[in-house]
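Encoded as structure tokens, the structure appears first; notes follow it.
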Amino acid sequence: MADDVLIVGGGVVGAACAYFLRRAGAEVTIIDRSEFGKGCSHGNCGYVSPSHILPLCQPGAIGNTLKSMLSGSSPLYVKPRLDWQLWSWLWRFAGRCNRASMLDAGRARQSLLDSSRQLYGELIDSGELTECDWHTIGLLFVYLSQSHFDHYGETNALLEKEFGLGAKRVANPELQQLEPALKPNVAGAWLYECDAHLRPDRLMAAWKRALEKQGITIKEQVDWTGLEHSGGRVTALNTSVGNLSADQYVIATGAWSPQMASQLGCTIPIQPGKGYSITMERPEVCPKYPMIFEEHRVAVTPLSDAYRIGSTMEFAGYDTTLNRRRLDMLTAGATHYLHTPVSNSPRVEWYGWRPMSCDGKPIIGRVPKLSNVCLATGHSMLGVSMAPATGKLVTEIIGGQLPHVDPHPLRVDRF
Ligand SMILES: Cc1cc2nc3c(=O)[nH]c(=O)nc-3n(C[C@H](O)[C@H](O)[C@H](O)COP(=O)(O)OP(=O)(O)OC[C@H]3O[C@@H](n4cnc5c(N)ncnc54)[C@H](O)[C@@H]3O)c2cc1C
């Protein structure tokens with residue numbers, strides 16, 4: 001590929017696009033209005049999880065969310081406000097809370113998840129991505145109550161039947177042996193051996209090293225503000241440092257993507273879904289496995305020299321505050337499951353805005369009205385897990401090659 005490509009957004013998605021485009025021969029520049037890797041890709045839970053096939057929009061999701069929000073202790077929260085974009089997003093989301101849409105999204109997600117899991121393995125084994133605290137032990141979905149544990153059996157059966165993905169059911173006393181950090185009152189867990197995890201900030205440092213080694217230019221503190229176009233092609237991007245031109249443009253601006261939708265002449269139904277994490281030293285009895293405590297919607301990630309608790313989903317617009325109540329809910333949630341839910345070390349508290357698409361599928365492909373612009377956004381809760389396949393797919397689309405995953409369900413003009 002002989003093209004110059006300008007990528008907007010130095011998150012995990014922009015980084016993966018840059019890597020594969022350069023590998024295909026393109027001259028690549030990344031710009032970011034802030035620092036490379038400091039957006040949502042920085043402090044997330046670091047799961048690379050092919051298990052996460054099903055989207056948030058599932059049958060019953062709206063009713064369950066409203067019910068848990070009314071209970072006052074819900075990790076899911078929609079800040080009530082007059083925001084046309086939010087209500088339009090919720091309307092579209094509600095329209096997809098049915099079995100057919102869920103399975104359709106599941107298929108599209110699975111193709112990106114499986115391909116990415118394999119690509120991570122290759123990139124790490126070949127030494128292209130180094131020192132990102134990569135672990136392939138698997139992931140446990142843990143249930144406190146027997147009824148929720150048993151109920152997940154139905155989801156597991158569906159995943160097995162429709163997607164060929166089965167988890168291992170682990171009840172006590174086997175669970176206690178497998179994961180001694182769990183309290184004995186926990187009913188059971190489902191083990192996904194296919195999942196892996198890593199430390200996201202180290203992954204972003206690893207991407208940066210790999211990109212710079214390939215000669216990719218990364219320009220930080222460069223804000224994209226508009227564009228020039230002619231004949232259905234972008235001729236330059238207006239930025240805080242002047243106009244920047246390339247043959248092709250990739251927009252990988254995560255949760256900020258809808259802010260430029262009118263410039264791009266397309267609909268980008270994404271809402272920032274705010275989540276939090278708390279990082280600390282490993283507690284005395286540190287989990288061996290990364291675990292999701294489904295009933296409290298809390299995730300824990302054991303790292304080589306650290307430990308992270310994360311999650312919550314707040315639709316509160318581009319709100320930059322750290323909500324103490326939600327942060328406390330993370331540690332309180334983990335207390336139900338773990339002997340030592342936290343350590344007494346200093347803690348780093350963080351929030352990130354997930355780019356939540358209304359149908360649970362990323363938005364990847366050419367912008368209909370601008371033939372040299374490709375979108376790569378809307379990865380919702382799975383940007384880390386789906387980034388390598390996204391980068392490969394964007395490269396194939398720009399290079400006019402046969403795509404390795406079906407791009408049709410991900411296309412921009414589906415909205
Ligand atoms: C608490 C939490 C836990 C999570 N856990 C996981 C997990 O375990 N596994 C997983 O796969 N995913 C997880 N996610 C989701 C994942 O973090 C995101 O899907 C992913 O980081 C999105 O990557 P991105 O590159 O699209 O966006 P970002 O990382 O946010 O990058 C976008 C970049 O674009 C830049 N930008 C935006 N607008 C402009 C502009 N106009 N000009 C220039 N630059 C611009 C921003 O500065 C930013 O650096 C989690 C998220 C949260 C909040």
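Simple scheme: letters A, B, ... for chains in structure tokens order, numbers from 1 for residues in each chain, numbers from 1 for ligands in the order shown.
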| query | Arg99 of chain A: which residues within 10 Å, counting only C-alpha atoms, same-chain residues fewer than 5 positions away excluded, as number ranges by chain? | reply | A: 57-60, 104-105
Selected residues written out with C-alpha atoms, as a compact mmCIF listing (two decimals), in the first residue's frame:
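Saved to out27.txt:
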# COMPACT_ATOMS: atom_id res chain seq x y z
CA CYS A 57 -28.83 -4.97 24.22
CA GLN A 58 -30.50 -8.26 25.07
CA PRO A 59 -34.13 -9.24 25.61
CA GLY A 60 -35.21 -7.77 28.95
CA ASP A 104 -26.73 -10.74 14.93
CA ALA A 105 -24.52 -8.55 17.12
| task | Using only C-alpha atoms and all ligand atoms, find each residue with an atom at most 6 Å away from ligand 1 and format the answer as a ChimeraX atom specification. | result | /A:8-14,31-34,36-41,44-48,222-225,252-254,256,274-277,310-311,352-354,377,379-385
| said: Which of segment 127-329 of chain A end up as helix (DSSP H, G or I) when DSSP is run on this backbone - answer as a PyMOL selection string? | reply: chain A and resi 146-163+174-178+200-213+254-264+294-296+324-329
| field | Close residues, segment 189-203 of chain A itself excluded, 7 Å, only C-alpha atoms, min 3 positions apart in chain, as a PyMOL selection string | value | chain A and resi 41-44+46-51+131-143+149+167-171+206-207+303
For segment 79-90 of chain A, please output as a PDB file with C-alpha atoms, in the first residue's frame all residues within 8 Å (counting only C-alpha atoms; exclusion window: fewer than 5 positions along the same chain).
ATOM      1  CA  PRO A 269     -24.966   6.690  17.487  1.00  0.00           C
ATOM      2  CA  ILE A 270     -22.437   6.435  20.298  1.00  0.00           C
ATOM      3  CA  GLN A 271     -22.812   7.550  23.898  1.00  0.00           C
ATOM      4  CA  GLU A 314     -22.924   5.660  33.748  1.00  0.00           C
ATOM      5  CA  PHE A 315     -24.643   7.504  30.904  1.00  0.00           C
ATOM      6  CA  ALA A 316     -23.990  11.007  32.154  1.00  0.00           C
ATOM      7  CA  CYS A 358     -26.452   1.553  20.291  1.00  0.00           C
TER       8      CYS A 358
END
| query | Between A:Ile397, A:Cys17, A:Ile7, A:Met386, which has the minimum distance to Tyr120 of chain A (counting only C-alpha atoms)? | reply |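 Nearest to Tyr120 of chain A: A:Met386.
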Contacts of Leu393 of chain A within 10 Å, only C-alpha atoms, excl. fewer than 4 positions in-chain, as an mmCIF file with N, CA and C atoms, in the first residue's frame:
data_model
loop_
_atom_site.group_PDB
_atom_site.id
_atom_site.type_symbol
_atom_site.label_atom_id
_atom_site.label_comp_id
_atom_site.auth_asym_id
_atom_site.auth_seq_id
_atom_site.Cartn_x
_atom_site.Cartn_y
_atom_site.Cartn_z
ATOM 1 N N CYS A 17 -4.819 0.097 14.214
ATOM 2 C CA CYS A 17 -4.966 0.471 12.798
ATOM 3 C C CYS A 17 -3.606 0.900 12.248
ATOM 4 N N PHE A 20 -1.185 -2.176 11.609
ATOM 5 C CA PHE A 20 -1.440 -3.038 10.444
ATOM 6 C C PHE A 20 -1.313 -2.254 9.131
ATOM 7 N N LEU A 21 -1.677 -0.968 9.153
ATOM 8 C CA LEU A 21 -1.526 -0.163 7.934
ATOM 9 C C LEU A 21 -0.045 -0.029 7.571
ATOM 10 N N LEU A 112 -14.710 -10.563 15.407
ATOM 11 C CA LEU A 112 -13.621 -9.649 15.794
ATOM 12 C C LEU A 112 -12.895 -10.138 17.047
ATOM 13 N N ILE A 364 -17.266 0.170 11.806
ATOM 14 C CA ILE A 364 -15.996 0.095 11.077
ATOM 15 C C ILE A 364 -16.296 0.109 9.583
ATOM 16 N N GLY A 365 -15.690 1.041 8.880
ATOM 17 C CA GLY A 365 -15.864 1.038 7.423
ATOM 18 C C GLY A 365 -15.794 2.437 6.857
ATOM 19 N N ALA A 376 -13.422 3.847 12.650
ATOM 20 C CA ALA A 376 -13.105 2.659 13.463
ATOM 21 C C ALA A 376 -13.414 3.037 14.901
ATOM 22 N N ALA A 387 -9.348 -4.735 19.255
ATOM 23 C CA ALA A 387 -8.523 -3.777 18.510
ATOM 24 C C ALA A 387 -7.695 -4.409 17.380
ATOM 25 N N PRO A 388 -6.962 -5.509 17.625
ATOM 26 C CA PRO A 388 -6.110 -6.004 16.527
ATOM 27 C C PRO A 388 -6.905 -6.357 15.267
ATOM 28 N N ALA A 389 -8.039 -7.040 15.422
ATOM 29 C CA ALA A 389 -8.834 -7.403 14.236
ATOM 30 C C ALA A 389 -9.393 -6.159 13.566
ATOM 31 N N ILE A 397 -9.781 -2.914 4.237
ATOM 32 C CA ILE A 397 -10.758 -2.040 3.566
ATOM 33 C C ILE A 397 -10.018 -0.971 2.753
ATOM 34 N N ILE A 398 -9.034 -0.337 3.376
ATOM 35 C CA ILE A 398 -8.309 0.739 2.680
ATOM 36 C C ILE A 398 -7.498 0.165 1.510
ATOM 37 N N GLY A 399 -6.944 -1.015 1.722
ATOM 38 C CA GLY A 399 -6.106 -1.632 0.671
ATOM 39 C C GLY A 399 -6.918 -2.361 -0.400
ATOM 40 N N GLN A 401 -8.457 -5.168 -0.102
ATOM 41 C CA GLN A 401 -8.254 -6.628 -0.049
ATOM 42 C C GLN A 401 -9.496 -7.328 0.497
ATOM 43 N N LEU A 402 -9.502 -8.648 0.316
ATOM 44 C CA LEU A 402 -10.595 -9.450 0.845
ATOM 45 C C LEU A 402 -10.548 -9.371 2.379
ATOM 46 N N PRO A 403 -11.631 -8.897 3.016
ATOM 47 C CA PRO A 403 -11.572 -8.764 4.483
ATOM 48 C C PRO A 403 -11.572 -10.114 5.199
ATOM 49 N N HIS A 404 -10.830 -10.203 6.297
ATOM 50 C CA HIS A 404 -10.729 -11.488 7.005
ATOM 51 C C HIS A 404 -11.930 -11.739 7.917
ATOM 52 N N VAL A 405 -12.712 -10.686 8.198
ATOM 53 C CA VAL A 405 -14.006 -10.875 8.880
ATOM 54 C C VAL A 405 -15.060 -10.145 8.048
ATOM 55 N N ASP A 406 -16.315 -10.549 8.193
ATOM 56 C CA ASP A 406 -17.387 -9.944 7.396
ATOM 57 C C ASP A 406 -17.595 -8.487 7.831
ATOM 58 N N PRO A 407 -17.314 -7.521 6.954
ATOM 59 C CA PRO A 407 -17.448 -6.114 7.362
ATOM 60 C C PRO A 407 -18.883 -5.601 7.299
#
